Structure formats: structure tokens, C-alpha cells
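Source file: start_27.txt. Holds: compact mmCIF, C-alpha atoms and all ligand atoms.
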# COMPACT_ATOMS: atom_id res chain seq x y z
CA MET I 15 -12.35 -19.17 20.89
CA GLU I 16 -11.50 -22.75 21.75
CA PRO I 17 -12.16 -23.22 25.47
CA PRO I 18 -9.75 -25.20 27.66
CA ALA I 19 -10.23 -28.94 27.13
CA GLY I 20 -13.15 -30.38 29.07
CA THR I 21 -14.71 -27.01 29.93
CA ALA I 22 -17.15 -26.52 27.03
CA GLY I 23 -20.54 -25.51 28.37
CA VAL I 24 -19.17 -24.79 31.85
CA ASP I 25 -20.17 -21.46 33.42
CA ARG I 26 -17.65 -18.62 33.00
CA PRO I 27 -18.11 -16.48 36.05
CA TYR I 28 -15.13 -14.14 35.54
CA CYS I 29 -14.37 -11.39 33.04
CA ALA I 30 -11.49 -12.48 30.81
CA TRP I 31 -10.37 -8.86 30.45
CA CYS I 32 -10.39 -7.41 33.98
CA GLY I 33 -10.65 -10.62 36.02
CA ALA I 34 -13.56 -9.39 38.17
CA ALA I 35 -16.77 -11.39 38.66
CA ARG I 36 -19.04 -10.90 35.65
CA ALA I 37 -22.05 -10.74 37.94
CA GLN I 38 -20.66 -7.58 39.50
CA GLY I 39 -20.21 -4.29 37.68
CA ASP I 40 -20.53 -3.42 34.03
CA HIS I 41 -18.23 -5.30 31.65
CA ALA I 42 -19.39 -3.71 28.39
CA ALA I 43 -16.09 -1.83 27.99
CA CYS I 44 -14.14 -5.03 28.79
CA ASP I 45 -16.12 -6.92 26.15
CA ARG I 46 -15.44 -4.20 23.57
CA ARG I 47 -11.71 -4.48 24.21
CA LEU I 48 -11.91 -8.28 23.95
CA ALA I 49 -13.79 -7.99 20.68
CA THR I 50 -11.27 -5.62 19.12
CA VAL I 51 -7.73 -5.38 20.50
CA ASP I 52 -7.17 -7.65 23.48
CA PRO I 53 -6.83 -11.39 23.98
CA PRO I 54 -8.17 -12.77 27.26
CA ARG I 55 -5.75 -12.11 30.13
CA HIS I 56 -7.71 -13.76 32.96
CA CYS I 57 -9.12 -17.25 33.01
CA PRO I 58 -12.92 -16.91 32.71
CA LEU I 59 -13.31 -19.96 34.96
CA CYS I 60 -11.13 -18.93 37.92
CA ALA I 61 -9.81 -15.37 37.18
CA ARG I 62 -6.16 -16.44 37.39
CA ARG I 63 -3.84 -14.36 35.18
CA MET I 64 -2.96 -16.48 32.17
CA VAL I 65 0.27 -16.75 30.18
CA VAL I 66 -0.76 -15.43 26.78
CA GLN I 67 1.15 -15.66 23.51
CA VAL I 68 -0.09 -13.54 20.65
CA ASP I 69 1.10 -14.37 17.13
CA PRO I 70 0.19 -12.80 13.78
CA MET I 71 -2.87 -15.00 13.22
CA GLY I 72 -4.09 -15.84 16.72
CA TRP I 73 -3.38 -16.29 20.40
CA THR I 74 -3.02 -19.01 23.00
CA ALA I 75 -3.67 -18.55 26.71
CA ARG I 76 -2.62 -20.94 29.45
CA CYS I 77 -4.25 -21.05 32.87
CA SER I 78 -2.20 -22.96 35.46
CA ARG I 79 -5.41 -24.68 36.61
CA HIS I 80 -7.62 -24.97 33.55
CA GLY I 81 -5.12 -25.48 30.75
CA GLU I 82 -4.82 -23.92 27.32
CA SER I 83 -7.35 -22.03 25.23
CA ALA I 84 -6.79 -20.53 21.80
CA GLY I 85 -8.41 -18.17 19.35
CA THR I 86 -7.87 -16.00 16.33
CA ASN I 87 -8.58 -12.27 16.23
CA GLY I 88 -11.14 -11.14 18.75
CA PHE I 89 -12.26 -13.08 21.78
CA ALA I 90 -15.99 -12.34 21.85
CA MET A 16 14.56 23.41 16.16
CA THR A 17 12.32 26.29 17.21
CA ALA A 18 9.64 25.88 19.86
CA VAL A 19 6.31 27.39 18.92
CA ASP A 20 4.50 29.75 21.30
CA PRO A 21 1.91 27.50 22.98
CA SER A 22 -0.64 30.33 23.04
CA SER A 23 -0.54 30.71 19.24
CA THR A 24 -3.78 30.18 17.33
CA ALA A 25 -4.22 28.22 14.13
CA GLU A 26 -4.19 31.52 12.18
CA ASP A 27 -0.94 32.66 13.89
CA THR A 28 0.65 29.34 13.03
CA ALA A 29 -0.57 29.47 9.43
CA GLN A 30 0.94 32.95 9.05
CA ALA A 31 4.23 31.76 10.54
CA ALA A 32 4.11 28.75 8.23
CA GLY A 33 3.99 31.06 5.20
CA GLY A 34 0.28 31.47 4.42
CA ASP A 35 -2.30 28.79 3.68
CA ILE A 36 -0.50 25.68 4.81
CA LEU A 37 -1.94 23.30 2.25
CA ALA A 38 -1.05 25.66 -0.63
CA VAL A 39 2.46 25.96 0.78
CA ALA A 40 2.72 22.17 1.24
CA ARG A 41 1.56 21.56 -2.34
CA GLU A 42 4.43 23.62 -3.70
CA GLN A 43 7.08 22.64 -1.13
CA VAL A 44 6.37 18.96 -0.49
CA LEU A 45 4.54 17.73 -3.57
CA GLU A 46 6.45 19.71 -6.20
CA ARG A 47 9.88 20.06 -4.60
CA GLY A 48 9.89 17.01 -2.31
CA GLU A 49 10.92 18.99 0.78
CA GLY A 50 9.26 17.98 4.06
CA LEU A 51 7.45 20.51 6.21
CA SER A 52 9.15 22.36 9.09
CA GLN A 53 7.94 22.08 12.69
CA GLU A 54 5.82 25.24 12.41
CA GLN A 55 4.33 23.99 9.17
CA VAL A 56 3.54 20.56 10.61
CA LEU A 57 1.85 22.30 13.53
CA ALA A 58 -0.28 24.29 11.10
CA VAL A 59 -1.48 21.03 9.52
CA LEU A 60 -2.22 19.54 12.96
CA GLN A 61 -4.32 22.62 13.75
CA LEU A 62 -6.38 22.53 10.56
CA PRO A 63 -10.13 22.65 11.17
CA THR A 64 -11.99 19.40 10.60
CA ASP A 65 -13.67 20.81 7.48
CA ARG A 66 -10.21 20.91 5.81
CA LEU A 67 -9.16 17.42 6.91
CA HIS A 68 -10.31 15.85 3.67
CA GLU A 69 -8.18 18.31 1.68
CA ALA A 70 -5.12 17.59 3.86
CA LEU A 71 -5.52 13.84 3.42
CA ALA A 72 -5.95 14.19 -0.34
CA LEU A 73 -2.73 16.21 -0.59
CA ALA A 74 -0.85 13.72 1.62
CA HIS A 75 -2.08 10.92 -0.66
CA GLU A 76 -0.82 12.79 -3.74
CA VAL A 77 2.55 13.25 -2.03
CA ARG A 78 2.73 9.55 -1.18
CA MET A 79 1.80 8.53 -4.75
CA ARG A 80 4.32 10.94 -6.32
CA HIS A 81 7.27 10.24 -4.02
CA CYS A 82 6.70 6.62 -2.92
CA GLY A 83 4.42 5.11 -5.54
CA PRO A 84 1.20 3.08 -5.28
CA GLU A 85 2.60 -0.06 -3.60
CA VAL A 86 1.82 -0.88 0.00
CA GLU A 87 4.44 -2.63 2.13
CA VAL A 88 2.90 -5.36 4.25
CA GLU A 89 4.55 -6.64 7.43
CA GLY A 90 3.83 -9.10 10.21
CA ILE A 91 5.31 -8.88 13.70
CA VAL A 92 5.65 -11.32 16.56
CA SER A 93 6.76 -11.18 20.15
CA LEU A 94 9.65 -13.57 20.79
CA LYS A 95 9.91 -12.59 24.44
CA THR A 96 6.84 -11.08 26.06
CA GLY A 97 6.61 -9.13 29.34
CA GLY A 98 8.97 -8.77 32.28
CA CYS A 99 10.85 -5.80 30.80
CA PRO A 100 12.91 -3.78 33.33
CA GLU A 101 12.11 -0.45 31.63
CA ASP A 102 9.22 1.88 32.55
CA CYS A 103 7.76 3.10 29.26
CA HIS A 104 4.48 4.41 30.63
CA PHE A 105 2.33 3.11 27.76
CA CYS A 106 3.68 -0.42 27.83
CA SER A 107 1.87 -3.43 29.26
CA GLN A 108 5.12 -5.43 29.05
CA SER A 109 7.00 -3.46 31.68
CA GLY A 110 7.70 -5.61 34.72
CA LEU A 111 7.47 -2.47 36.87
CA PHE A 112 3.68 -2.08 36.51
CA GLU A 113 0.72 -4.14 37.72
CA SER A 114 -0.17 -5.23 34.21
CA PRO A 115 -2.09 -8.44 33.46
CA VAL A 116 0.54 -9.38 30.84
CA ARG A 117 2.68 -12.29 32.04
CA ALA A 118 6.11 -13.24 30.74
CA ALA A 119 6.28 -15.72 27.85
CA TRP A 120 8.87 -16.97 25.32
CA LEU A 121 8.05 -18.17 21.84
CA ASP A 122 9.87 -21.30 20.66
CA VAL A 123 11.60 -21.50 17.28
CA ASP A 124 8.93 -23.76 15.73
CA ARG A 125 6.18 -21.28 16.50
CA LEU A 126 8.37 -18.42 15.33
CA VAL A 127 8.88 -20.11 11.95
CA GLU A 128 5.16 -20.87 11.73
CA ALA A 129 4.38 -17.19 12.41
CA ALA A 130 6.80 -16.19 9.62
CA LYS A 131 5.13 -18.65 7.24
CA GLN A 132 1.65 -17.34 8.05
CA THR A 133 2.88 -13.80 7.54
CA ALA A 134 4.49 -14.62 4.18
CA LYS A 135 1.19 -16.19 3.02
CA THR A 136 -0.47 -12.77 3.24
CA GLY A 137 2.00 -11.40 0.69
CA ALA A 138 3.99 -9.60 3.37
CA THR A 139 7.63 -8.83 2.62
CA GLU A 140 8.73 -8.08 6.19
CA PHE A 141 8.59 -10.16 9.34
CA CYS A 142 9.73 -8.45 12.52
CA ILE A 143 10.92 -10.36 15.59
CA VAL A 144 10.37 -8.31 18.74
CA ALA A 145 11.50 -8.77 22.34
CA ALA A 146 10.46 -6.86 25.46
CA VAL A 147 13.90 -5.99 26.78
CA ARG A 148 16.09 -2.98 27.49
CA GLY A 149 18.63 -4.60 25.19
CA PRO A 150 19.40 -8.20 24.25
CA ASP A 151 21.47 -10.49 26.48
CA ALA A 152 23.45 -13.50 25.26
CA LYS A 153 20.45 -15.86 25.62
CA LEU A 154 18.22 -13.63 23.52
CA MET A 155 20.88 -13.12 20.85
CA GLU A 156 21.25 -16.89 20.64
CA GLN A 157 17.49 -17.36 20.30
CA VAL A 158 17.37 -14.69 17.60
CA ARG A 159 20.26 -16.29 15.73
CA ALA A 160 18.54 -19.71 15.79
CA GLY A 161 15.21 -18.18 14.83
CA ILE A 162 16.57 -16.20 11.88
CA ALA A 163 18.49 -19.23 10.58
CA ALA A 164 15.33 -21.38 10.77
CA ILE A 165 13.18 -18.73 9.06
CA ARG A 166 15.70 -18.18 6.28
CA ALA A 167 15.83 -21.92 5.64
CA GLU A 168 12.06 -22.19 5.17
CA VAL A 169 10.47 -18.83 4.39
CA ASP A 170 11.06 -16.25 1.68
CA ILE A 171 10.69 -13.02 3.62
CA ASN A 172 12.86 -10.15 4.87
CA VAL A 173 13.59 -10.48 8.58
CA ALA A 174 13.56 -7.40 10.79
CA CYS A 175 14.28 -7.20 14.53
CA SER A 176 13.31 -4.99 17.43
CA LEU A 177 15.36 -5.90 20.48
CA GLY A 178 15.85 -2.59 22.28
CA MET A 179 19.10 -0.73 22.70
CA LEU A 180 22.17 -2.36 21.20
CA THR A 181 25.93 -2.36 21.68
CA GLN A 182 28.13 -1.96 18.63
CA GLU A 183 28.98 -5.65 18.86
CA GLN A 184 25.29 -6.62 18.80
CA VAL A 185 24.64 -4.30 15.87
CA ASP A 186 27.42 -6.01 13.95
CA GLU A 187 26.12 -9.47 14.89
CA LEU A 188 22.59 -8.67 13.72
CA ALA A 189 23.90 -7.24 10.45
CA ALA A 190 25.94 -10.42 9.95
CA MET A 191 22.82 -12.53 10.60
CA GLY A 192 21.21 -10.77 7.63
CA VAL A 193 18.73 -8.61 9.53
CA HIS A 194 17.23 -6.38 6.87
CA ARG A 195 15.73 -3.66 9.04
CA TYR A 196 15.96 -2.76 12.72
CA ASN A 197 13.09 -1.17 14.60
CA HIS A 198 13.72 1.09 17.54
CA ASN A 199 11.08 3.73 18.19
CA LEU A 200 11.91 7.14 19.59
CA GLU A 201 8.25 6.96 20.72
CA THR A 202 7.63 10.70 21.11
CA ALA A 203 9.20 14.14 20.86
CA ARG A 204 12.50 14.59 22.65
CA SER A 205 10.93 17.28 24.88
CA HIS A 206 8.12 14.90 25.93
CA PHE A 207 10.19 11.74 26.37
CA PRO A 208 10.96 12.26 30.10
CA GLU A 209 7.17 12.20 30.74
CA VAL A 210 6.97 8.82 29.04
CA VAL A 211 10.15 6.97 30.03
CA THR A 212 12.50 7.57 32.97
CA THR A 213 14.73 4.48 32.87
CA HIS A 214 16.60 5.47 29.72
CA SER A 215 16.91 8.52 27.52
CA TRP A 216 15.80 9.58 24.07
CA GLU A 217 19.49 10.12 23.25
CA GLU A 218 20.34 6.49 24.08
CA ARG A 219 17.70 5.38 21.61
CA TRP A 220 19.04 7.81 19.00
CA GLU A 221 22.55 6.34 19.45
CA THR A 222 21.34 2.81 18.69
CA LEU A 223 19.63 4.07 15.55
CA GLN A 224 22.84 5.72 14.32
CA MET A 225 24.80 2.48 14.83
CA VAL A 226 22.12 0.50 13.01
CA ARG A 227 22.30 2.75 9.98
CA ALA A 228 26.12 2.79 9.95
CA ALA A 229 26.08 -1.03 9.88
CA GLY A 230 23.97 -0.99 6.71
CA MET A 231 20.63 -2.14 8.14
CA GLU A 232 17.51 -0.18 7.27
CA VAL A 233 16.25 2.06 10.07
CA CYS A 234 12.66 1.74 11.27
CA CYS A 235 11.69 4.34 13.85
CA GLY A 236 8.35 5.74 14.87
CA GLY A 237 6.25 6.22 17.93
CA ILE A 238 2.89 6.51 19.58
CA VAL A 239 0.41 9.33 19.16
CA GLY A 240 -1.79 10.36 22.10
CA MET A 241 0.55 10.05 25.09
CA GLY A 242 -0.30 13.50 26.48
CA GLU A 243 1.97 15.38 24.07
CA THR A 244 0.93 18.83 22.89
CA LEU A 245 0.33 19.40 19.19
CA ASP A 246 3.56 21.36 19.10
CA GLN A 247 5.39 18.35 20.55
CA ARG A 248 3.74 16.12 17.97
CA ALA A 249 5.05 18.48 15.27
CA GLU A 250 8.46 18.46 16.98
CA PHE A 251 8.45 14.66 16.82
CA ALA A 252 7.62 14.58 13.10
CA VAL A 253 10.55 16.88 12.37
CA GLN A 254 12.93 14.95 14.63
CA LEU A 255 12.00 11.78 12.73
CA ALA A 256 12.64 13.60 9.45
CA GLU A 257 16.11 14.57 10.72
CA LEU A 258 16.82 10.91 11.40
CA GLU A 259 15.82 10.04 7.81
CA PRO A 260 14.47 6.59 8.66
CA ASP A 261 13.51 4.11 5.96
CA GLU A 262 10.26 3.46 7.78
CA VAL A 263 8.09 5.23 10.36
CA PRO A 264 5.50 3.06 12.15
CA LEU A 265 2.69 5.20 13.53
CA ASN A 266 0.88 3.81 16.57
CA PHE A 267 -2.09 5.29 18.39
CA LEU A 268 -2.21 4.86 22.15
CA ILE A 269 -4.09 1.86 23.49
CA PRO A 270 -4.50 2.73 27.17
CA ASN A 271 -3.45 -0.51 28.81
CA PRO A 272 -4.65 -1.53 32.27
CA GLY A 273 -2.04 -1.24 35.01
CA THR A 274 0.18 1.19 33.10
CA PRO A 275 0.65 4.85 34.09
CA PHE A 276 -1.18 5.83 30.88
CA ALA A 277 -4.20 3.60 31.55
CA HIS A 278 -6.29 6.71 32.29
CA LEU A 279 -5.57 8.47 28.98
CA GLU A 280 -8.26 8.62 26.31
CA VAL A 281 -8.02 6.72 23.06
CA PRO A 282 -6.97 9.35 20.45
CA GLN A 283 -9.83 10.80 18.43
CA GLY A 284 -10.16 9.67 14.81
CA ALA A 285 -9.99 13.15 13.22
CA ASP A 286 -6.95 14.02 15.30
CA ALA A 287 -5.26 10.78 14.28
CA LEU A 288 -5.99 11.38 10.59
CA ARG A 289 -4.61 14.94 10.78
CA THR A 290 -1.48 13.38 12.29
CA VAL A 291 -1.23 10.87 9.44
CA ALA A 292 -1.43 13.67 6.86
CA ALA A 293 1.01 15.87 8.78
CA PHE A 294 3.59 13.07 9.14
CA ARG A 295 3.40 12.29 5.44
CA LEU A 296 3.93 15.96 4.64
CA ALA A 297 6.97 16.01 6.96
CA LEU A 298 8.33 12.73 5.54
CA PRO A 299 7.50 12.65 1.84
CA ARG A 300 9.68 9.66 0.88
CA THR A 301 9.52 7.45 3.98
CA VAL A 302 7.56 4.23 4.32
CA LEU A 303 4.75 5.38 6.67
CA ARG A 304 3.18 2.40 8.35
CA PHE A 305 -0.10 1.98 10.19
CA ALA A 306 0.81 0.08 13.35
CA GLY A 307 -1.01 -0.56 16.64
CA GLY A 308 -4.09 1.22 17.89
CA ARG A 309 -5.75 2.03 14.56
CA GLU A 310 -8.52 -0.46 15.32
CA LEU A 311 -9.70 1.52 18.38
CA THR A 312 -8.88 5.01 17.12
CA LEU A 313 -9.96 4.82 13.50
CA GLY A 314 -12.14 1.76 12.99
CA ASP A 315 -12.62 0.34 9.49
CA LEU A 316 -13.58 3.58 7.76
CA GLY A 317 -10.74 5.58 9.33
CA ALA A 318 -8.22 2.94 8.28
CA GLU A 319 -9.29 3.42 4.66
CA GLN A 320 -9.12 7.18 5.01
CA GLY A 321 -5.57 6.82 6.35
CA MET A 322 -4.57 4.60 3.43
CA LEU A 323 -5.90 7.37 1.17
CA GLY A 324 -4.20 10.01 3.31
CA GLY A 325 -0.49 9.25 3.14
CA VAL A 326 -0.02 5.80 4.67
CA ASN A 327 1.76 3.29 2.41
CA ALA A 328 2.43 0.33 4.71
CA ILE A 329 0.53 -1.75 7.24
CA ILE A 330 1.10 -4.36 9.89
CA VAL A 331 -1.31 -7.19 9.15
CA GLY A 332 -2.73 -9.56 11.71
CA ASN A 333 -2.00 -9.25 15.40
CA TYR A 334 0.57 -7.15 17.22
CA LEU A 335 2.72 -8.10 20.22
CA THR A 336 0.21 -8.21 23.06
CA ASN A 337 -2.79 -6.72 21.26
CA LEU A 338 -4.94 -8.11 18.48
CA GLY A 339 -5.37 -6.49 15.08
CA ARG A 340 -8.00 -6.97 12.41
CA PRO A 341 -7.95 -10.31 10.63
CA ALA A 342 -5.27 -10.11 7.90
CA GLU A 343 -7.84 -10.91 5.18
CA GLN A 344 -9.80 -7.80 6.10
CA ASP A 345 -6.77 -5.57 5.46
CA LEU A 346 -5.89 -7.42 2.26
CA ASP A 347 -9.48 -6.99 1.03
CA MET A 348 -9.26 -3.30 1.88
CA LEU A 349 -6.08 -2.92 -0.22
CA GLU A 350 -7.73 -4.73 -3.09
CA SER A 351 -10.81 -2.54 -2.97
CA LEU A 352 -8.58 0.57 -2.86
CA LYS A 353 -6.65 -0.85 -5.85
CA MET A 354 -3.37 -0.59 -3.99
CA PRO A 355 -0.87 -3.30 -5.01
CA ILE A 356 1.17 -5.07 -2.34
CA LYS A 357 4.90 -4.42 -2.68
CA ALA A 358 6.69 -7.54 -3.91
CA LEU A 359 9.75 -9.01 -2.22
CA ASN A 360 12.10 -8.25 -5.12
CA ASP A 361 11.15 -4.55 -4.86
CA THR A 362 12.39 -4.37 -1.29
CA LEU A 363 15.94 -5.58 -1.74
S1 LIG I 401 11.61 -1.06 26.49
FE1 LIG I 401 10.01 -1.86 25.13
S2 LIG I 401 9.14 -3.64 26.18
FE2 LIG I 401 10.33 -2.49 27.69
S3 LIG I 401 8.82 -1.20 28.73
FE3 LIG I 401 9.73 0.00 27.05
S4 LIG I 401 8.38 -0.33 25.27
FE4 LIG I 401 7.90 -1.92 26.81
Now that the file is in, can you turn its structure into C-alpha cells?
Ligand code: SF4
Amino acid sequence: MEPPAGTAGVDRPYCAWCGAARAQGDHAACDRRLATVDPPRHCPLCARRMVVQVDPMGWTARCSRHGESAGTNGFA
Amino acid sequence: MTAVDPSSTAEDTAQAAGGDILAVAREQVLERGEGLSQEQVLAVLQLPTDRLHEALALAHEVRMRHCGPEVEVEGIVSLKTGGCPEDCHFCSQSGLFESPVRAAWLDVDRLVEAAKQTAKTGATEFCIVAAVRGPDAKLMEQVRAGIAAIRAEVDINVACSLGMLTQEQVDELAAMGVHRYNHNLETARSHFPEVVTTHSWEERWETLQMVRAAGMEVCCGGIVGMGETLDQRAEFAVQLAELEPDEVPLNFLIPNPGTPFAHLEVPQGADALRTVAAFRLALPRTVLRFAGGRELTLGDLGAEQGMLGGVNAIIVGNYLTNLGRPAEQDLDMLESLKMPIKALNDTL
């Protein structure tokens, strides 16, 4: 995954699948979904719901605060 | 169509189906090319796991005899994502549920790029999909511009899936050169009210009849694992056979967060493979396509078993809101199975 510009190396406190804090609860099932069938839906930096466009070879996700990220198949 | 007694056992069903179901299917489907009846499909769906391999092998023979060795490859893309006014209980794009999917539109440049990427895989079909009850004037305009741009730059058949259509819209799409129209019945008629309440199975059926009458190919399938009984799954296979579609895409439920079906289990692999075999035996000559959900339900090994169990088409790459396996992985799988990809001039 390409992180939003300027955020490489920054902490990602939120789960990109369910939007909850990663420090709370078990996110193994979320990570499995992200690794197989789901693009990120929540910004890992602020948990906002992102506008996501999936296309045959990849996806782009736009957070209104943190900008655009992109990836191919699988988020993990 | 006869309903089957829900208390019947696998043995009862096999008797009603005319004896050992796979022996019957060999003679009826493989030799004579006649699809199975509802009771017979149910008997296949009830086969014990130790006979699954045999069922898949027969379904593969049927596919090879009646469809040939080629595999039809397709890519799909969402032109308009989310915000749909309908309430299909499996769908993360309904605007009526608390789903994390937000509305988005794809512009024409990205649409053409998606078609190009799809064509590079050897795919012969590219399907443009919109999350709508039916298209409005703005969407029809976007589709018209998109198809014109794709046809100018990419050598690929264009298919559409834009919900329920009026006769005028059917005629417009046919005039635009749409090769195939997808509109899934989703599930058995008797189960549909448990899945969708904002429109009826019959409304979907009507659109499909208009599509066929206008000369477009009909693509119609559904989703396995939405709480239907095995008898309803058999009912669905036979209802699809009555429609005589050119293609049946077979999806396996991905329980999506926020939807009414979020709590349902991912279908089990053996169950899904029995369904693949049973659908092939009900639809001996139809293009049977692996669509969404196979990644969770079947994994890599199950996908190969399905390709050797009656499936003769795949969607490569990603889906509409979900991701698929990388396209190269599926192309490598076809190569290792020695299954040639259908060429464009074979589809016209
Ligand atoms: S009509 Fe299509 S997009 Fe709309 S809720 Fe139903 S399946 Fe989803």
C-alpha cells in the first residue's frame, strides 16, 4: 500500500477495516479480511470513513483529512 | 416446479431423483445434454463429502463435452459505487444500511484504463456496473460516453449491469453495442423476499426478458449462502435453467459489515463445491463463472477444484467493492490446468 503523502512512518492507531482503535480489541479477523477481500475503508490515521474506488487491478482511498492512498490486491 | 419435502433425507431424494444421482446425471446430462430437475439437483447438493470428488469429475466432463476447454475471462468495474436506494440484504452498497462503503463515481479516463488493464489479461469481457435500482439520464449519459471511449481504444466486449431497465433503456444499450447485460436474480424466487424487499424477483425477471428480446446476451446468477435451504438452492438452479442465460455468475456470500447479512457465516468450501457441480449439471451448456467470494470460501485449492468441477469462466482481478486475487495468479492457475483462455473472435 502507498500511504497518504507525507505520512510514511507515522503511527497508524486505527484499524483500516473496522475503524476502531488498534490498541483495543482483537483485529486478527479485520486483518484477514484486509489481506484477502477488502480494501481499507477507514483511515488508519484518524478512523474517518474514506471514499474508496476499487478497479480491476487496485484501489484508491481518499481521507478528507489525510489525502489519498492506493494499493493493489490486499492491504496487509 | 415441485417443492421437495424439507424432512426428506439424502436417500429419499436420491430415490425420487431416479436412483444413484451421479449415474442418472451421467446418462441424462453428459450423454443427452439435458439439465437436472430440481429434485435431482437437490440430490447432488445432498451428496456426502466422500462423493464430492466424483460429482466434480462428472461436472467437469459435462463442461468439457458441452462447452469445451476454453475459459472465458472477464473484468468488472464499479462506475457508480454506493448510495443505492434498494435494500438487498447482502449488499454493502445499499444506502439504507450503516455500511462503511461511501459513494464514489469513476471518471471516463479511469474507466478506459480499467478496460485496458482487463484486456491485457486476455479477458474478452469488461463489465461496467452501477449501484442503482435502474439507470437515470445522468448514468445513461456516463455509460454512453464510457462505452464510446472504450470502443475507440480497447478491443474487448463491453457488458453492463445497471439494474432494472425500461424498454427504452434496453433499446439504447443495445444500440450502444452492449454485448451482454448482467442482472442477477440473486436467489430462488421463494427466498427472494428474505433477501430484498424494495423490489421483486419478477421485476428482475422482466428486465432479463427485455434484454434477451433486444438481442443482448443474458448474464444472470446469484449468491450462495444467504440463508437459503438446499431445496431453495436447487430451486434457484432450475429457475436459472428455465431462463436459459448465456452466463451464470456464481458468487459466495461475503458477509459485509453493516448489512443485514453481516452475521451469516462464510459458506463452507465443500458445500460451495457441491453447488458448483450441481449448477453445472443443471446448466450443461451455460458459461458458469466464478465470481465474488471464492477467495474466502474456497481459497486457492478450492478455486482449482472448482475449475476442474464445472466452472468455465472467471472474473479476474478485483470486484466492485471487494478485492480478488491478483489477476496473474488466476492466469497462472489456468496455465497450470492447461485450460486455454477463450479468444475474442470466439465470443462474437
Ligand atoms: S440493487 Fe444492486 S447495488 Fe443496489 S442494494 Fe441491490 S445489489 Fe446493491
Let me know the centre plus edge lengths, in Å and rounded to one decimal, of a box with edges along x, y and z that contains all listed atoms of stretch 78-87 of chain I and is padded by 6 Å on every side, as JSON.
{"center_x": -5.4, "center_y": -18.9, "center_z": 26.4, "size_x": 18.4, "size_y": 25.2, "size_z": 32.4}
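When atom CA of A:Ile356 is paired with atom CA of A:Gly137, their separation reads 7.1 Å.
The closest residue to I:Cys57, picked from I:Met71, I:Ala42, I:Ala35, I:Ala30 and counting only C-alpha atoms, is I:Ala30.
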Residues of chain I near chain A: apply a cut-off of 9 Å, count all atoms listed in the file, and supply the list as a PDB file with C-alpha atoms, in the coordinates of the input.
ATOM      1  CA  TRP I  31     -10.370  -8.860  30.450  1.00  0.00           C
ATOM      2  CA  CYS I  32     -10.390  -7.410  33.980  1.00  0.00           C
ATOM      3  CA  ARG I  47     -11.710  -4.480  24.210  1.00  0.00           C
ATOM      4  CA  LEU I  48     -11.910  -8.280  23.950  1.00  0.00           C
ATOM      5  CA  THR I  50     -11.270  -5.620  19.120  1.00  0.00           C
ATOM      6  CA  VAL I  51      -7.730  -5.380  20.500  1.00  0.00           C
ATOM      7  CA  ASP I  52      -7.170  -7.650  23.480  1.00  0.00           C
ATOM      8  CA  PRO I  53      -6.830 -11.390  23.980  1.00  0.00           C
ATOM      9  CA  ARG I  55      -5.750 -12.110  30.130  1.00  0.00           C
ATOM     10  CA  HIS I  56      -7.710 -13.760  32.960  1.00  0.00           C
ATOM     11  CA  ARG I  63      -3.840 -14.360  35.180  1.00  0.00           C
ATOM     12  CA  MET I  64      -2.960 -16.480  32.170  1.00  0.00           C
ATOM     13  CA  VAL I  65       0.270 -16.750  30.180  1.00  0.00           C
ATOM     14  CA  VAL I  66      -0.760 -15.430  26.780  1.00  0.00           C
ATOM     15  CA  GLN I  67       1.150 -15.660  23.510  1.00  0.00           C
ATOM     16  CA  VAL I  68      -0.090 -13.540  20.650  1.00  0.00           C
ATOM     17  CA  ASP I  69       1.100 -14.370  17.130  1.00  0.00           C
ATOM     18  CA  PRO I  70       0.190 -12.800  13.780  1.00  0.00           C
ATOM     19  CA  MET I  71      -2.870 -15.000  13.220  1.00  0.00           C
ATOM     20  CA  GLY I  72      -4.090 -15.840  16.720  1.00  0.00           C
ATOM     21  CA  TRP I  73      -3.380 -16.290  20.400  1.00  0.00           C
ATOM     22  CA  THR I  86      -7.870 -16.000  16.330  1.00  0.00           C
ATOM     23  CA  ASN I  87      -8.580 -12.270  16.230  1.00  0.00           C
ATOM     24  CA  GLY I  88     -11.140 -11.140  18.750  1.00  0.00           C
TER      25      GLY I  88
END
Cut-off 6 Å, only C-alpha atoms and all ligand atoms, neighbours of ligand LIG 401 (chain I) as a list in words = Cys99, Glu101, Asp102, Cys103, Cys106, Gln108, Ser109, Ala146, Val147 and Arg148 of chain A
Give as an MDAnalysis selection string each residue that has an atom at most 10 Å from (9.0, -0.2, 8.1) in the file, counting only C-alpha atoms.
-> chainID A and resid 87:89 140 142 174 195:197 232:236 260:265 301:306 327:330
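One finds atom CA of A:Gly237 at 6.0 Å from atom CA of A:Asn266.
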How many Å lie between atom CA of A:Leu45 and atom CA of A:Leu323, rounded to one decimal?
-> 15.5 Å
